[in-house]
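Take a look at the structure below.
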Amino acid sequence: MVSTPALASAAVEECGADGWRAADEQVASRRPVVLVHGWTGGPMTDTAKALSTRLGDRVSTFTFDYGRRSLYWASDAQIAGCLSKFLDAVSQAHRKVGGDGKVVAVAHSMGGLALRYALQGKGDIVPNIITIGTPSLGSPWGATWVADAVHAMSIPDKDLPPREATAALCLGPHNKGTALPKGCNSDLPSWIPPRTQLTQIAGDVTVDRTLFGIHLYSLPLFSDGIVPVPSAHGYWSSGPGGESPAEGARLANVTEACRVDHGLMSGLRKEQALAVPAWLALDYVVLQDLQSETLSPATGWYLILAAFAASCSHMKQASDARTLDRVEAALSEATDVLAASIPVNPADYRLPESPHELYYFRSPSKNFSCGIITLELSAGCHGKTSPVPPRPEHCSTHISWGSGMFVNATGKTDFICTGGVIYSNGFGREDPVLPYGRSLTVLGFTCVSRQSGVTCTHQSTAHGFRIAAESNEQF
């Protein structure tokens with residue numbers, strides 16, 4: 001479902017958004033998803049339709065359009081302020097039909113920064129955010145003559161902001177809590193509400209240099225052509241103070257890499273072979289500039305060509321199939337996590353042969369054997385997962401490392417070093433299955449079984465883990 005929510009008349013008048021009214025009503029069982037576009041852009045209608053097709057009746061998508069003000073910086077009242085009202089409207093409409101009012105946001109480029117301004121004081125109505133190419137630490141193109149030239153262009157149907165309020169200036173590079181570029185009349189974006197799940201997707205283009213079909217070498221740009229990978233993954237150090245609060249967002253960084261052949265970009269033909277030495281010299285300059293993070297004309301030329309030619313580039317990533325795979329996976333996980341779980345009777349999972357309180361279960365996929373136990377009060381799961389961090393010194397090389405995860409009674413989470421606590425019974429029988437959508441709560445822990453994996457949480461600290469075959473996280 002692709003639609004826009006009805007708003008109170010006062011909000012519509014203030015934000016000038018007649019298009020926010022919609023005939024379609026929400027459905028309680030569908031998770032509302034708001035999509036927010038970036039600088040100079042327009043509504044992410046194609047992306048919304050693609051996600052609706054992929055996820056079916058699990059989601060309802062809504063596009064927020066600030067296109068007329070999209071030359072302004074993200075903190076503008078008619079961008080962040082109206083986006084805040086838009087999120088409220090979507091949430092209220094979902095609650096009105098019996099839903100929980102929780103909204104998932106998907107944002108491209110500067111849209112992710114607009115979300116940060118919009119969510120100030122918002123609490124937890126947006127528990128999941130997915131950003132695509134959002135320049136948390138700015139872009140090398142910001143505050144340059146190129147950005148100024150775009151700003152100075154007479155773009156139809158766009159309001160032209162004053163210099164101190166233009167995104168062209170405020171999108172300049174910054175780092176570790178430093179202020180936005182000089183002249184930008186705005187504070188840094190604030191941190192998003194605690195425990196929000198933030199998935200940051202970055203595009204990473206590599207240019208392959210070939211000569212007459214023979215691969216010579218590659219130039220890794222570490223960028224989508226507009227936003228460098230460290231900036232697209234840079235939320236952690238991008239706000240006031242330069243470091244996210246300890247009880248801040250839960251981060252998942254994803255990189256969508258792609259390659260382009262330099263022949264496609266340069267149009268090199270056999271009769272241009274005499275130009276090869278010049279191209280090789282240019283490549284050397286570009287490599288030096290990339291290492292020193294310098295935006296020279298040579299590097300800029302490569303980045304611009306990559307931005308238009310590569311599938312994971314800034315210009316194309318919101319419609320790129322592989323990037324959409326990443327967004328779909330994050331959305332699917334968010335809808336699973338937000339879906340209400342049904343509690344089971346702990347007695348059905350208690351091990352009767354033991355005098356201790358031991359509760360064991362298997363995941364429906366049979367990939368994981370899990371337990372909540374009193375021997376060393378904790379909850380944990382055994383099973384293969386990826387990625388696994390390097391083996392710590394305390395875990396001998398003679399035994400297995402990373403064969404599961406646990407959370408204990410202090411809220412400590414870690415991977416399992418074989419030889420410690422065992423989270424499956426030792427009586428030679430199979431543990432009962434905890435079906436998808438069910439939760440086991442006992443001894444101060446809750447474990448939930450979902451298609452996205454098993455999540456176990458220590459209730460008093462809210463710390464825990466999620467484990468799946470191809471992903472995991474600690475929170």
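Within each chain, counting starts at residue 1; across the structure tokens, chains are named A, B, ... in the order shown, with ligands numbered 1 upward in that order.
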Wanna dump the range 297-368 of chain A-range 137-155 of chain A contacts at 12 Å for me, each residue with its shortest atom pair and the distance in Å to one decimal, counting only C-alpha atoms, ordered by chain and number, as CSV?
residue,atom,partner,partner_atom,distance
A:Pro297,CA,A:Val146,CA,11.0
A:Thr299,CA,A:Pro140,CA,10.7
A:Gly300,CA,A:Trp141,CA,8.6
A:Trp301,CA,A:Trp141,CA,11.8
A:Leu303,CA,A:Trp141,CA,10.0
A:Ile304,CA,A:Trp141,CA,10.2
A:His314,CA,A:Ser139,CA,11.4
- Item | Picked from range 269-432 of chain A by DSSP as helix (DSSP H, G or I), as a PyMOL selection string | chain A and resi 270-292+297-309+321-338+346-349
Residue selection dump (C-alpha atoms) as a PDB file, in the first residue's frame:
ATOM      1  CA  LYS A 270      41.831   1.060 -29.090  1.00  0.00           C
ATOM      2  CA  GLU A 271      42.813   3.997 -31.260  1.00  0.00           C
ATOM      3  CA  GLN A 272      43.266   6.050 -28.056  1.00  0.00           C
ATOM      4  CA  ALA A 273      46.094   3.843 -26.818  1.00  0.00           C
ATOM      5  CA  LEU A 274      48.477   6.821 -26.840  1.00  0.00           C
ATOM      6  CA  ALA A 275      46.457   8.282 -23.961  1.00  0.00           C
ATOM      7  CA  VAL A 276      47.188   5.292 -21.701  1.00  0.00           C
ATOM      8  CA  PRO A 277      50.247   6.820 -19.931  1.00  0.00           C
ATOM      9  CA  ALA A 278      48.219   9.937 -19.094  1.00  0.00           C
ATOM     10  CA  TRP A 279      45.378   7.820 -17.666  1.00  0.00           C
ATOM     11  CA  LEU A 280      47.861   5.833 -15.550  1.00  0.00           C
ATOM     12  CA  ALA A 281      49.335   9.059 -14.185  1.00  0.00           C
ATOM     13  CA  LEU A 282      45.829  10.327 -13.409  1.00  0.00           C
ATOM     14  CA  ASP A 283      45.051   7.090 -11.559  1.00  0.00           C
ATOM     15  CA  TYR A 284      48.167   7.570  -9.426  1.00  0.00           C
ATOM     16  CA  VAL A 285      47.051  11.086  -8.490  1.00  0.00           C
ATOM     17  CA  VAL A 286      43.586   9.823  -7.621  1.00  0.00           C
ATOM     18  CA  LEU A 287      45.011   7.088  -5.368  1.00  0.00           C
ATOM     19  CA  GLN A 288      47.077   9.668  -3.494  1.00  0.00           C
ATOM     20  CA  ASP A 289      44.077  11.961  -3.113  1.00  0.00           C
ATOM     21  CA  LEU A 290      41.871   9.148  -1.819  1.00  0.00           C
ATOM     22  CA  GLN A 291      44.440   8.256   0.811  1.00  0.00           C
ATOM     23  CA  SER A 292      44.700  11.877   1.963  1.00  0.00           C
ATOM     24  CA  PRO A 297      39.706  17.871  -9.829  1.00  0.00           C
ATOM     25  CA  ALA A 298      41.015  14.411 -10.762  1.00  0.00           C
ATOM     26  CA  THR A 299      39.315  12.691  -7.835  1.00  0.00           C
ATOM     27  CA  GLY A 300      36.166  14.719  -8.371  1.00  0.00           C
ATOM     28  CA  TRP A 301      36.042  13.563 -11.983  1.00  0.00           C
ATOM     29  CA  TYR A 302      36.193   9.916 -10.905  1.00  0.00           C
ATOM     30  CA  LEU A 303      33.555  10.401  -8.203  1.00  0.00           C
ATOM     31  CA  ILE A 304      31.144  12.139 -10.572  1.00  0.00           C
ATOM     32  CA  LEU A 305      31.503   9.447 -13.215  1.00  0.00           C
ATOM     33  CA  ALA A 306      31.069   6.738 -10.563  1.00  0.00           C
ATOM     34  CA  ALA A 307      27.986   8.515  -9.188  1.00  0.00           C
ATOM     35  CA  PHE A 308      26.301   8.236 -12.569  1.00  0.00           C
ATOM     36  CA  ALA A 309      27.655   4.867 -13.775  1.00  0.00           C
ATOM     37  CA  ALA A 321      17.995  -4.109  -6.603  1.00  0.00           C
ATOM     38  CA  ARG A 322      20.839  -5.207  -4.342  1.00  0.00           C
ATOM     39  CA  THR A 323      20.528  -2.136  -2.138  1.00  0.00           C
ATOM     40  CA  LEU A 324      16.786  -2.763  -1.945  1.00  0.00           C
ATOM     41  CA  ASP A 325      17.621  -6.312  -0.836  1.00  0.00           C
ATOM     42  CA  ARG A 326      19.446  -4.745   2.118  1.00  0.00           C
ATOM     43  CA  VAL A 327      16.559  -2.416   2.892  1.00  0.00           C
ATOM     44  CA  GLU A 328      14.067  -5.271   2.602  1.00  0.00           C
ATOM     45  CA  ALA A 329      16.094  -7.413   5.017  1.00  0.00           C
ATOM     46  CA  ALA A 330      16.268  -4.602   7.586  1.00  0.00           C
ATOM     47  CA  LEU A 331      12.555  -3.849   7.169  1.00  0.00           C
ATOM     48  CA  SER A 332      11.643  -7.506   7.472  1.00  0.00           C
ATOM     49  CA  GLU A 333      13.643  -7.779  10.662  1.00  0.00           C
ATOM     50  CA  ALA A 334      12.050  -4.608  12.045  1.00  0.00           C
ATOM     51  CA  THR A 335       8.524  -5.856  11.365  1.00  0.00           C
ATOM     52  CA  ASP A 336       9.385  -9.165  13.044  1.00  0.00           C
ATOM     53  CA  VAL A 337      10.838  -7.476  16.116  1.00  0.00           C
ATOM     54  CA  LEU A 338       7.929  -5.057  16.453  1.00  0.00           C
ATOM     55  CA  PRO A 346       7.531 -21.803  31.040  1.00  0.00           C
ATOM     56  CA  ALA A 347       6.602 -25.165  32.574  1.00  0.00           C
ATOM     57  CA  ASP A 348       6.444 -26.631  29.070  1.00  0.00           C
ATOM     58  CA  TYR A 349      10.165 -25.870  28.609  1.00  0.00           C
TER      59      TYR A 349
END
Set the distance at 6 Å and use only C-alpha atoms: which residues neighbour Met405 in chain A once local chain neighbours fewer than 5 positions away are removed? I'd like the list as an mmCIF file with C-alpha atoms, in the first residue's frame.
data_model
loop_
_atom_site.group_PDB
_atom_site.id
_atom_site.type_symbol
_atom_site.label_atom_id
_atom_site.label_comp_id
_atom_site.auth_asym_id
_atom_site.auth_seq_id
_atom_site.Cartn_x
_atom_site.Cartn_y
_atom_site.Cartn_z
ATOM 1 C CA GLY A 380 22.085 -18.142 25.784
ATOM 2 C CA CYS A 381 22.015 -19.982 22.473
ATOM 3 C CA ASP A 414 29.283 -11.957 24.588
ATOM 4 C CA PHE A 415 29.993 -14.831 22.255
ATOM 5 C CA ILE A 416 30.388 -18.309 23.737
#
- Query: Which neighbours of Gly111 in chain A fall inside 10 Å, counting only C-alpha atoms, when residues of the same chain fewer than 6 positions from it are skipped, and could you give them as a list of chain:residue names?
  - Reply: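 What passes the distance filter is A:Leu35, A:Val36, A:His37, A:Gly38, A:Trp39, A:Gly41, A:Phe64, A:Tyr66, A:Ser70, A:Ala74, A:Ile79, A:Ala80, A:Leu83, A:Ala105, A:Thr131, A:Ile132, A:Gly133, A:Thr134, A:Pro135.
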- Restricting the calculation to only C-alpha atoms, which member of A:Arg195, A:Arg362, A:Arg68, A:Arg163 is positioned closest to Pro127 in chain A?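 Checking each candidate against Pro127 in chain A, we get A:Arg195 as the closest.
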